[in-house]
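Following: one structure in structure tokens, then a few remarks.
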Amino acid sequence: MTVAFPQEAIPIPDGYRGEHAYDIDQCTGCTLCARICPNRAIEMVEAPEDRWEAYPKKYAQIDIGKCCFCGLCQDICPSGAMTLSQNVFLSTNDRLSVVRPPFAEV
Amino acid sequence: MRVSRATGTEIGEPDHRASHAFDLYFGPVHAGSGNFGVKLKIEGERVVGARSDPGYLHRGFEKLMEYRTPMQNAILSDRLCILESLNWNLVHAEAVDRLCGTEIPERAQYIRVILAELSRIQSHIIWYGVLSKALGFDTGFKVAFGYRDYVLDVFEFITGGRVYPAGYLCPGGVRHDIPEGTKKRIEDLLATMETMLREFAGYDSRTITARCRGVGVLELDDALRLGATGPVLRACGMAADVRRDAPYEVYDDLDFEIPTCEEGDAFARSIIRRREIEESMNIIRQALGRLPAEPLPPVLPKIADKMPEGEVYVRNEISRGEAAIYMRSTGESRPYRCKIRGPDLLHMIPVLEHLLVGAELADVPAIYWSLNVCPADMDR
């Protein structure tokens, strides 16, 4: 059960509740994920001004620090935009980087 | 006058004015005590007084649950005692189901029983590991937690999380059906568990026996008066188990024994928990054989699902004893009151103080961990 990580790794199963994979193009802005989250980790924020035409609604900003990775947001999302991937490598030394805005600065 | 079972001599009343007695704090920040403190009054090697000090793990669960809907509370119910998270998921799910009058599909009931029993096995493995660690038997600790990893791999496969199942046993059934290949994985796991039990039995001739036999003897009438439940009570000779006395889910269709012992000492409690692992494996095999084939739809969360008015008191047998939830609803989507009864409040305050007075200092870890105390469901 112990392997020589990182040369080897134990495979993580498909249903694992890891980091969010938020597909903004599928998102309809219904805010159900923000309302169901037990820890209030999701906040609906506006797009930056230059993208208002393509993205007129409010979109999900997830605070990984508050998130308990329960997957209720994945279950309630009607369009399949909010899913949980198998990424578990989330540790960071930067306290502010745990808030994941929907529009990453280019 | 009480008589010490170990030495046959009389134990006098504790003299708290003795000038050579000193106070020793066993915990809460202690490698062998969990998150709970006991203030011992020691004279030489003998404990003459014990005062439990609870509350270090109080997180306000009963109030937190009043601000969340049932599905969100299911996520929270893992954390009532993380060492047996699926058992607490089940107590909460049953409370909400009975309050709302929901009919649970039979396949979901079987899956609930299988996961609850796996959680019981995993909890008893943790207990064995921590008891070994507290007695200084480090090998037992490492071996036990190694075998626990196999159970956690199965949980990861089914629920998506190794230790936190995120309310997998939720009001309405289970969050999603078990994936393809679960049955084979559980069967492989049970074979590994049998190897583990043989290995534990092989350690019996040494440390655990030497430090637990005759230690912390609890008489049956004291156990009943002080409110012991679960393995602590069964080790005194009484076959009391909520799965038999007030069956829930599909336990009345399954065939299993309730192991008991007569001696009531720490070693008897140790034997009972190992036999309970075997009985849990037996229950899982039967449930896997009888699992109905019809697939289950996933239970999806809803934003505001109102619960009908009423109150309900549901009790279950978790690995530490009898657990219960009292839930009262006034027609809102959030419970008006959710009272959580864990088995450990009575184990950690009356029973522990009763057993510690008169014990030797070196027996304190053996007594403490043979009760399998969990501050989490005591302090909530």
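Identifiers for the structure tokens are assigned positionally: chains receive A, B, ... in sequence, residues are indexed from 1 per chain, and ligands are indexed from 1 in the order shown.
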
List as JSON lines every residue of chain A that is in contact with chain B, defined as an atom at most 6 Å from one of its atoms (using only C-alpha atoms), together with the nearest atom pair and the distance in Å rounded to one decimal, sorted by chain and then rising number.
{"residue": "A:Pro13", "atom": "CA", "partner": "B:Phe157", "partner_atom": "CA", "distance": 5.9}
{"residue": "A:Gly15", "atom": "CA", "partner": "B:Gly160", "partner_atom": "CA", "distance": 5.1}
{"residue": "A:Tyr16", "atom": "CA", "partner": "B:Gly160", "partner_atom": "CA", "distance": 3.9}
{"residue": "A:Arg17", "atom": "CA", "partner": "B:Gly160", "partner_atom": "CA", "distance": 5.3}
{"residue": "A:Ile36", "atom": "CA", "partner": "B:Ile303", "partner_atom": "CA", "distance": 6.0}
{"residue": "A:Pro38", "atom": "CA", "partner": "B:Gln72", "partner_atom": "CA", "distance": 5.5}
{"residue": "A:Cys70", "atom": "CA", "partner": "B:Ala166", "partner_atom": "CA", "distance": 4.9}
{"residue": "A:Asp75", "atom": "CA", "partner": "B:Leu300", "partner_atom": "CA", "distance": 5.9}

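Look at region 221-227 of chain B: the protein and nucleic acid residues within 7 Å of it, using only C-alpha atoms and passing over chain neighbours fewer than 3 places away, are Leu218, Leu233, Leu346, Pro350 and Val351 of chain B.
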
Just to be explicit: take each residue in the selection above, keep N, CA and C atoms, and write the result as an mmCIF file, in the first residue's frame.
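Written out: out-v1.cif:
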data_model
loop_
_atom_site.group_PDB
_atom_site.id
_atom_site.type_symbol
_atom_site.label_atom_id
_atom_site.label_comp_id
_atom_site.auth_asym_id
_atom_site.auth_seq_id
_atom_site.Cartn_x
_atom_site.Cartn_y
_atom_site.Cartn_z
ATOM 1 N N LEU B 218 -15.593 -3.837 35.397
ATOM 2 C CA LEU B 218 -16.878 -3.147 35.550
ATOM 3 C C LEU B 218 -17.931 -4.207 35.844
ATOM 4 N N LEU B 233 -21.012 -2.561 27.788
ATOM 5 C CA LEU B 233 -22.049 -3.292 28.518
ATOM 6 C C LEU B 233 -22.011 -4.769 28.180
ATOM 7 N N LEU B 346 -21.736 9.183 28.755
ATOM 8 C CA LEU B 346 -21.811 8.370 29.968
ATOM 9 C C LEU B 346 -20.566 7.512 30.145
ATOM 10 N N PRO B 350 -19.280 9.259 34.051
ATOM 11 C CA PRO B 350 -19.468 8.358 35.198
ATOM 12 C C PRO B 350 -18.650 7.079 35.153
ATOM 13 N N VAL B 351 -18.671 6.383 33.996
ATOM 14 C CA VAL B 351 -18.010 5.073 33.959
ATOM 15 C C VAL B 351 -16.502 5.237 34.121
#

Note to self: Among region 15-83 of chain A, which ones does DSSP assign to alpha helix (DSSP H) (computed from the backbone)? Answer as a ChimeraX atom specification.
What the structure shows: /A:32-36,72-76

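Look at region 133-137 of chain B: the protein and nucleic acid residues within 10 Å of it, using only C-alpha atoms and passing over chain neighbours fewer than 5 places away, are B:Ala31, B:Gly32, B:Ser33, B:Trp127, B:Tyr128, B:Lys142, B:Tyr203, B:Arg206, B:Thr207, B:Ile208, B:Arg211, B:Cys212, B:Ala362, B:Asp363, B:Val364, B:Pro365, B:Ala366, B:Tyr368, B:Trp369.
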
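Contact shell of Pro48 (chain A) at 12 Å (only C-alpha atoms; same-chain neighbours under 6 positions omitted): Ala54, Tyr55, Pro56, Lys57, Lys58, Tyr59, Pro101, Pro102, Phe103, Ala104, Glu105 and Val106 of chain A.
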
Keeping only C-alpha atoms, write the selected residues as a PDB file, in the first residue's frame.
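Result file is result-v9.pdb:
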ATOM      1  CA  ALA A  54     -19.984  37.279 -23.836  1.00  0.00           C
ATOM      2  CA  TYR A  55     -20.672  36.620 -20.133  1.00  0.00           C
ATOM      3  CA  PRO A  56     -23.587  38.793 -19.044  1.00  0.00           C
ATOM      4  CA  LYS A  57     -24.574  36.967 -15.852  1.00  0.00           C
ATOM      5  CA  LYS A  58     -22.868  36.293 -12.536  1.00  0.00           C
ATOM      6  CA  TYR A  59     -20.568  33.286 -12.291  1.00  0.00           C
ATOM      7  CA  PRO A 101     -12.241  33.447  -9.525  1.00  0.00           C
ATOM      8  CA  PRO A 102     -14.149  32.299 -12.616  1.00  0.00           C
ATOM      9  CA  PHE A 103     -12.157  34.612 -14.859  1.00  0.00           C
ATOM     10  CA  ALA A 104      -8.438  34.084 -14.481  1.00  0.00           C
ATOM     11  CA  GLU A 105      -6.336  37.152 -15.201  1.00  0.00           C
ATOM     12  CA  VAL A 106      -4.589  36.682 -18.533  1.00  0.00           C
TER      13      VAL A 106
END

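The smallest atom-to-atom distance between His20 (chain A) and any of A:Val3, A:Leu72, A:Val98, A:Met82, using only C-alpha atoms, is found for A:Met82.
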
Next item on the list: Could you please write out, as a list of chain:residue names, every residue of region 28-102 of chain A that DSSP assigns to strand (DSSP E)?
Entry: A:Ile42, A:Glu43, A:Met44, A:Val45, A:Glu46, A:Lys58, A:Tyr59, A:Ala60, A:Gln61, A:Ile62, A:Asp63, A:Met82, A:Thr83, A:Leu84, A:Val99, A:Arg100
